[in-house]
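Chemist: Please find one structure pasted underneath; my questions will follow.
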Amino acid sequence: MNTLKQFINGQFIDALSGRQLEVEDPFEGKIIGLAPDGDASDADAALRAAAAAQPSWAKKSAPERASYLRAMAAQIRANRVELAQTLAREQAKVMPLAQVEIDFTADYFEYYAGWARIYEGEIIQSDRPNENIFLFRKPIGVVAGICPWNFPFFVMARKVAPSLLAGCTAVIKPSSLTPLTTFAFAGMVEATGLPAGALNFVSGRGSTLGDALVRHELTDMVSLTGSVEAGRDIIRASADRITKVSLELGGKAPAIVFKDADIDLAVKAIVDSRVIFGGQVCNCAERAYVHASVFDEFVEKISLAMSKVSYGSPFAEPAPQMSSLIDSRQLDKVEAMVERAIAEGAEVVTGGCRAEGSGYKYEPTILAGCTQQSEIVQSEVFGPVLPILPFTDYDEAIALANDSRYGLTSSVFSSNVSLVMQALKDLRFGETYVNREHFEGMQGFHAGWRQSGIGGADGKHGLMEYLQSQVAYVQY
Ligand code: NAP
C-alpha cells in the first residue's frame, strides 16, 4: 500500500489536517494507496513556501530555470515504465496510452525548457523623440495548479512547466482520485535539487484544500483543468481578491462528416477519439453530424467498428483499446444519461449497457434518433457513447455544431478544401481538427470558447498566461 505525504518546501511531511483519503484501483476495485486529505492548513503551508521561494527563483536566468525542467524530463525518462504502471493502475488507463502520457510529459518539459531563450518583451515606438517604451514580461508570482483525474500526469506538467519557466513558483493539487503518479513525480523533483518551495504538491479534496488554495491571499493565479462546475466555483471564490484564473473546462466536441468525406477515415478517427481512455477526454468527439446522403453508410460502419472495440485490464497483452471508467459514479452517470436518452426516443444501434467483468466498464455505444436539444447531445457524457444526427446542408451542419454551451474542440471531415476553409471560418470552437482524430499538439494553444474555459495552455500563448507585462517609459 502506497502511503503519500505532502511535498511542501522541499520535504515530504504528514498532512497538517491529520486525515487521509483512500485511492482506488478502478479496474480491480481495490484500495491501493492512502493520500493526505489536506485542508486549509496544508494550503497555507504550501503557499507560504511557494511565496518565500518565488523572488529568488525569478532572479535566476530563464536558461537556469530551464535546466531544472530538463532535469525533470530526464527523471521521467529514467522512470518511464514505473510511472506508466502507476498511472495505469490508479486510473485504469491502458498501458500503451499511459506510456504515451508519460513520454509526452517528458517531451513537454523539454519543449518548455526551449522557450527560455525565445520568449521576449517588446520595445514600442514612443510619441517623444528621446524616449523608449519597454514592455517587460514578468512572472505573475505564486500559481495554484488544480488538476483533473483524466490526464493527471500531463495536465500537472501543463501547469508546472510554464509556471517554473516564467519564474513563478507553484502549488499543485492533483485530483483526489489520482494522486499517485503526481506524488511519484514529487520524489523526482526532489532528486533534481530544485530550490525548496519552488514546487509544492498537496493532496486533498477540491471543496476543502482546493477552495483554500483559490481563496488564499498568497495565490496570484489559479490554473484549473476540470469541469465547468468547478470552474464556476473557482470564479466565485477568486472574486473577492480578483485573482487571475486560467480555466480549461469541459467540452462537447462535434464531428461533422460532409458528403464528400472519406467515410472510412472519418469512422476510424471518430471511433479512436471516442474510445480513447473510455471517452474520458475533454477534446473527444462527443456528438457526430453526418450528411443525410451518407448517414446510413456511416452509421453501419461506425457501429461495426464500435462493436469490435476491445476492453479489459489496463495491463492485458495485447492491450485492449479501453478499460474501466474512473469510478462507480462516472459509470452511473454514463448509464443514467443513456437511459434518459432512450426514454426520450433514442435508438441504441450498438452497446447501451454496462459491460460484464471487472472494472466500471460501459460498452462502446452508438445512439441514433436523438434530438439536438436532448441532454445526450447538449451535455458532456465523458464515456464511450456517441449520438449521431443527420443534416441536409452546410448551414444546418454548422448551426447544429455551434449550438452548444461548450466551445472546446470540433472536427470536420471533407475532401473539399473550400468547404473546410469555410467551416473553419464559421465554427465557434477553440480548436478544429480536419480529417483526423481529436488530439492537440504541445506547440498549439488549447483554449476553450464559451463555458469551456478562460485562457488556455500550450505553446507560446500558454506561456504568456503565466507572465504579466510591465511597461516602462524611459526618456533619455
Ligand atoms: P472536477 O471534478 O471539476 O475536478 C477537477 C479538479 O478541481 C480536482 O482536483 C477537484 O478536486 C478540483 N475542484 C473541484 N471543485 C473545486 C473547488 N470548488 N475549488 C477548488 N478545486 C476544486 O473535474 P474532473 O472530474 O477531475 O475532470 C473531468 C473534467 O475535466 C471534464 O469536464 C473534462 O472535460 C475536464 N477536462 C478539461 C480539459 C481541458 O483541457 N479543457 C482537460 C482535461 C479534463 P477533487 O476532485 O480532488 O475533489
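Residues in the C-alpha cells are named by chain (A, B, ... in the order shown) and by number from 1 within that chain; ligands are numbered from 1 in the order shown.
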Residues contacting ligand 1 - anything with an atom at most 8 Å away, using only C-alpha atoms and all ligand atoms - can you give me those as an NGL selection string?
Modeler: :A and (146-151 or 155 or 173-177 or 203-214 or 224-234 or 237 or 247-251 or 280-283 or 380 or 382 or 408 or 446-448 or 452-453 or 456-457)
Chemist: Report as a tab-separated table the residues of stretch 163-271 of chain A within 7 Å of stretch 56-61 of chain A, each with its shortest atom pair and distance in Å (one decimal), using only C-alpha atoms, ordered by chain and increasing residue number.
Modeler:
residue	atom	partner	partner_atom	distance
A:Gly167	CA	A:Ala58	CA	4.3
A:Cys168	CA	A:Ala58	CA	6.7
A:Ala198	CA	A:Trp57	CA	7.0
Chemist: Rank nothing, just name the residue among A:Pro384, A:Gly407, A:Pro195, A:Pro390 nearest to A:Tyr68, using only C-alpha atoms.
Modeler: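 Looking only at the distances to A:Tyr68, the closest residue turns out to be A:Pro195.
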Chemist: What are the DSSP strand (DSSP E) residues of stretch 355-452 of chain A, as a list in words?
Modeler: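 So, restricting stretch 355-452 of chain A to strand (DSSP E), we get Thr365, Ile366, Leu367, Ala368, Val385, Leu386, Pro387, Ile388, Leu389, Pro390, Phe391, Tyr406, Gly407, Thr409, Ser410, Ser411, Val412, Phe413, Glu431, Thr432, Tyr433, Val434, Trp449 and Arg450 of chain A.
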Chemist: Please provide the set of residues having any atom within 6 Å of A:Met322, restricted to only C-alpha atoms, with same-chain residues fewer than 4 positions apart removed, written as a PyMOL selection string.
Modeler: chain A and resi 277-278+311
Chemist: Write to file, as a compact mmCIF listing (two decimals), in the first residue's frame, the residues of the selection just made, with C-alpha atoms.
Modeler:
# COMPACT_ATOMS: atom_id res chain seq x y z
CA PHE A 277 -9.40 6.29 -22.31
CA GLY A 278 -13.03 5.16 -22.38
CA TYR A 311 -11.90 -3.61 -23.48
Chemist: Could you name the residues that touch A:Glu131 at 10 Å or less, counting only C-alpha atoms, but leaving out those on the same chain fewer than 3 positions away, as a PyMOL selection string?
Modeler: chain A and resi 124-128+134+473-476
Chemist: Taking into account only C-alpha atoms, which residue in the set A:Met442, A:Ile263, A:Ala305, A:Leu419 is nearest to A:Glu110?
Modeler: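 Result for the nearest residue to A:Glu110: A:Met442.
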Chemist: For the interface of stretch 178-209 of chain A with stretch 73-97 of chain A (cut-off 9 Å, counting only C-alpha atoms), please tabulate each contacting residue of stretch 178-209 of chain A alongside its nearest pair of atoms and their separation in Å to one decimal, rows sorted by chain and increasing number, as JSON lines.
Modeler:
{"residue": "A:Thr178", "atom": "CA", "partner": "A:Glu90", "partner_atom": "CA", "distance": 5.9}
{"residue": "A:Pro179", "atom": "CA", "partner": "A:Glu90", "partner_atom": "CA", "distance": 8.2}
{"residue": "A:Leu180", "atom": "CA", "partner": "A:Thr86", "partner_atom": "CA", "distance": 6.9}
{"residue": "A:Thr181", "atom": "CA", "partner": "A:Leu87", "partner_atom": "CA", "distance": 5.8}
{"residue": "A:Ala184", "atom": "CA", "partner": "A:Leu83", "partner_atom": "CA", "distance": 7.5}
{"residue": "A:Phe185", "atom": "CA", "partner": "A:Ile76", "partner_atom": "CA", "distance": 7.6}
{"residue": "A:Met188", "atom": "CA", "partner": "A:Gln75", "partner_atom": "CA", "distance": 6.0}
{"residue": "A:Val189", "atom": "CA", "partner": "A:Gln75", "partner_atom": "CA", "distance": 8.1}
{"residue": "A:Ala191", "atom": "CA", "partner": "A:Gln75", "partner_atom": "CA", "distance": 8.2}
{"residue": "A:Thr192", "atom": "CA", "partner": "A:Gln75", "partner_atom": "CA", "distance": 7.9}
Chemist: Just all heavy atoms for this one: save the residues we selected as a PDB file, in the first residue's frame.
Modeler:
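The resulting file, result13.pdb, is shown below:
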ATOM      1  N   THR A 178      -6.678  10.548  -8.219  1.00  0.00           N
ATOM      2  CA  THR A 178      -5.455  10.094  -8.904  1.00  0.00           C
ATOM      3  C   THR A 178      -4.204  10.854  -8.422  1.00  0.00           C
ATOM      4  O   THR A 178      -3.540  11.530  -9.211  1.00  0.00           O
ATOM      5  CB  THR A 178      -5.586  10.315 -10.429  1.00  0.00           C
ATOM      6  OG1 THR A 178      -5.936  11.695 -10.640  1.00  0.00           O
ATOM      7  CG2 THR A 178      -6.605   9.415 -11.069  1.00  0.00           C
ATOM      8  N   PRO A 179      -3.842  10.712  -7.146  1.00  0.00           N
ATOM      9  CA  PRO A 179      -2.651  11.444  -6.681  1.00  0.00           C
ATOM     10  C   PRO A 179      -1.329  10.689  -6.842  1.00  0.00           C
ATOM     11  O   PRO A 179      -0.257  11.271  -6.667  1.00  0.00           O
ATOM     12  CB  PRO A 179      -2.947  11.641  -5.191  1.00  0.00           C
ATOM     13  CG  PRO A 179      -3.763  10.438  -4.817  1.00  0.00           C
ATOM     14  CD  PRO A 179      -4.553  10.050  -6.051  1.00  0.00           C
ATOM     15  N   LEU A 180      -1.376   9.381  -7.183  1.00  0.00           N
ATOM     16  CA  LEU A 180      -0.172   8.555  -7.036  1.00  0.00           C
ATOM     17  C   LEU A 180       0.959   8.951  -7.991  1.00  0.00           C
ATOM     18  O   LEU A 180       2.112   9.080  -7.580  1.00  0.00           O
ATOM     19  CB  LEU A 180      -0.514   7.067  -7.223  1.00  0.00           C
ATOM     20  CG  LEU A 180      -1.510   6.466  -6.222  1.00  0.00           C
ATOM     21  CD1 LEU A 180      -1.689   4.972  -6.486  1.00  0.00           C
ATOM     22  CD2 LEU A 180      -1.069   6.696  -4.784  1.00  0.00           C
ATOM     23  N   THR A 181       0.631   9.137  -9.259  1.00  0.00           N
ATOM     24  CA  THR A 181       1.700   9.467 -10.226  1.00  0.00           C
ATOM     25  C   THR A 181       2.283  10.834  -9.920  1.00  0.00           C
ATOM     26  O   THR A 181       3.497  11.042 -10.034  1.00  0.00           O
ATOM     27  CB  THR A 181       1.157   9.459 -11.662  1.00  0.00           C
ATOM     28  OG1 THR A 181       0.067   8.577 -11.749  1.00  0.00           O
ATOM     29  CG2 THR A 181       2.217   9.069 -12.646  1.00  0.00           C
ATOM     30  N   ALA A 184       4.646  10.515  -7.119  1.00  0.00           N
ATOM     31  CA  ALA A 184       5.881   9.835  -7.557  1.00  0.00           C
ATOM     32  C   ALA A 184       6.792  10.870  -8.225  1.00  0.00           C
ATOM     33  O   ALA A 184       8.014  10.869  -8.040  1.00  0.00           O
ATOM     34  CB  ALA A 184       5.546   8.709  -8.527  1.00  0.00           C
ATOM     35  N   PHE A 185       6.173  11.779  -8.968  1.00  0.00           N
ATOM     36  CA  PHE A 185       6.956  12.841  -9.627  1.00  0.00           C
ATOM     37  C   PHE A 185       7.572  13.778  -8.583  1.00  0.00           C
ATOM     38  O   PHE A 185       8.702  14.255  -8.765  1.00  0.00           O
ATOM     39  CB  PHE A 185       6.061  13.615 -10.602  1.00  0.00           C
ATOM     40  CG  PHE A 185       6.760  14.740 -11.293  1.00  0.00           C
ATOM     41  CD1 PHE A 185       7.762  14.491 -12.218  1.00  0.00           C
ATOM     42  CD2 PHE A 185       6.423  16.059 -11.022  1.00  0.00           C
ATOM     43  CE1 PHE A 185       8.421  15.531 -12.867  1.00  0.00           C
ATOM     44  CE2 PHE A 185       7.062  17.103 -11.665  1.00  0.00           C
ATOM     45  CZ  PHE A 185       8.071  16.845 -12.587  1.00  0.00           C
ATOM     46  N   MET A 188      10.841  12.766  -7.717  1.00  0.00           N
ATOM     47  CA  MET A 188      11.822  13.041  -8.780  1.00  0.00           C
ATOM     48  C   MET A 188      12.224  14.511  -8.777  1.00  0.00           C
ATOM     49  O   MET A 188      13.370  14.861  -9.072  1.00  0.00           O
ATOM     50  CB  MET A 188      11.227  12.661 -10.136  1.00  0.00           C
ATOM     51  CG  MET A 188      11.007  11.172 -10.212  1.00  0.00           C
ATOM     52  SD  MET A 188      10.033  10.711 -11.628  1.00  0.00           S
ATOM     53  CE  MET A 188       9.437   9.145 -11.016  1.00  0.00           C
ATOM     54  N   VAL A 189      11.291  15.382  -8.449  1.00  0.00           N
ATOM     55  CA  VAL A 189      11.601  16.814  -8.348  1.00  0.00           C
ATOM     56  C   VAL A 189      12.645  17.016  -7.260  1.00  0.00           C
ATOM     57  O   VAL A 189      13.614  17.767  -7.428  1.00  0.00           O
ATOM     58  CB  VAL A 189      10.315  17.616  -8.032  1.00  0.00           C
ATOM     59  CG1 VAL A 189      10.645  19.051  -7.652  1.00  0.00           C
ATOM     60  CG2 VAL A 189       9.356  17.569  -9.217  1.00  0.00           C
ATOM     61  N   ALA A 191      14.863  14.971  -6.389  1.00  0.00           N
ATOM     62  CA  ALA A 191      16.161  14.499  -6.893  1.00  0.00           C
ATOM     63  C   ALA A 191      16.824  15.493  -7.841  1.00  0.00           C
ATOM     64  O   ALA A 191      18.041  15.446  -8.043  1.00  0.00           O
ATOM     65  CB  ALA A 191      15.976  13.151  -7.593  1.00  0.00           C
ATOM     66  N   THR A 192      16.073  16.397  -8.423  1.00  0.00           N
ATOM     67  CA  THR A 192      16.691  17.389  -9.335  1.00  0.00           C
ATOM     68  C   THR A 192      17.390  18.504  -8.559  1.00  0.00           C
ATOM     69  O   THR A 192      18.092  19.315  -9.150  1.00  0.00           O
ATOM     70  CB  THR A 192      15.645  18.074 -10.249  1.00  0.00           C
ATOM     71  OG1 THR A 192      14.766  18.871  -9.444  1.00  0.00           O
ATOM     72  CG2 THR A 192      14.845  17.081 -11.066  1.00  0.00           C
TER      73      THR A 192
END
Chemist: Within 10 Å of A:Phe413, counting only C-alpha atoms, which residues qualify if same-chain residues fewer than 6 places away don't, as a ChimeraX atom specification?
Modeler: /A:255-263,265-267,269-270,290,419-420,433-436
Chemist: At a cut-off of 7 Å, using only C-alpha atoms, what residues contact A:Ala66? Leave out same-chain residues fewer than 6 positions from it and give the result as a list of chain:residue names.
Modeler: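 Everything that qualifies: A:Ala113, A:Ala116, A:Leu165.
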Chemist: Those same residues, written as a short mmCIF file (atom, residue, chain, number, x, y, z; two decimals), in the first residue's frame with C-alpha atoms?
Modeler:
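Printed below is result-v9.cif as written:
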data_model
loop_
_atom_site.label_atom_id
_atom_site.label_comp_id
_atom_site.auth_asym_id
_atom_site.auth_seq_id
_atom_site.Cartn_x
_atom_site.Cartn_y
_atom_site.Cartn_z
CA ALA A 113 12.75 24.46 -21.46
CA ALA A 116 13.93 30.05 -22.09
CA LEU A 165 9.98 28.64 -16.80
#
Chemist: Could you pull out the helix (DSSP H, G or I) residues of stretch 53-154 of chain A from DSSP and send them as a ChimeraX atom specification?
Modeler: /A:53-59,62-78,80-91,95-117,152-154
Chemist: Give me, as a PyMOL selection string, all polymer residues having an atom no more than 12 Å from stretch 353-355 of chain A, counting only C-alpha atoms and skipping those fewer than 4 positions away in the same chain.
Modeler: chain A and resi 310-312+322-325+328+330-339+342+348-349+359-367+383-385
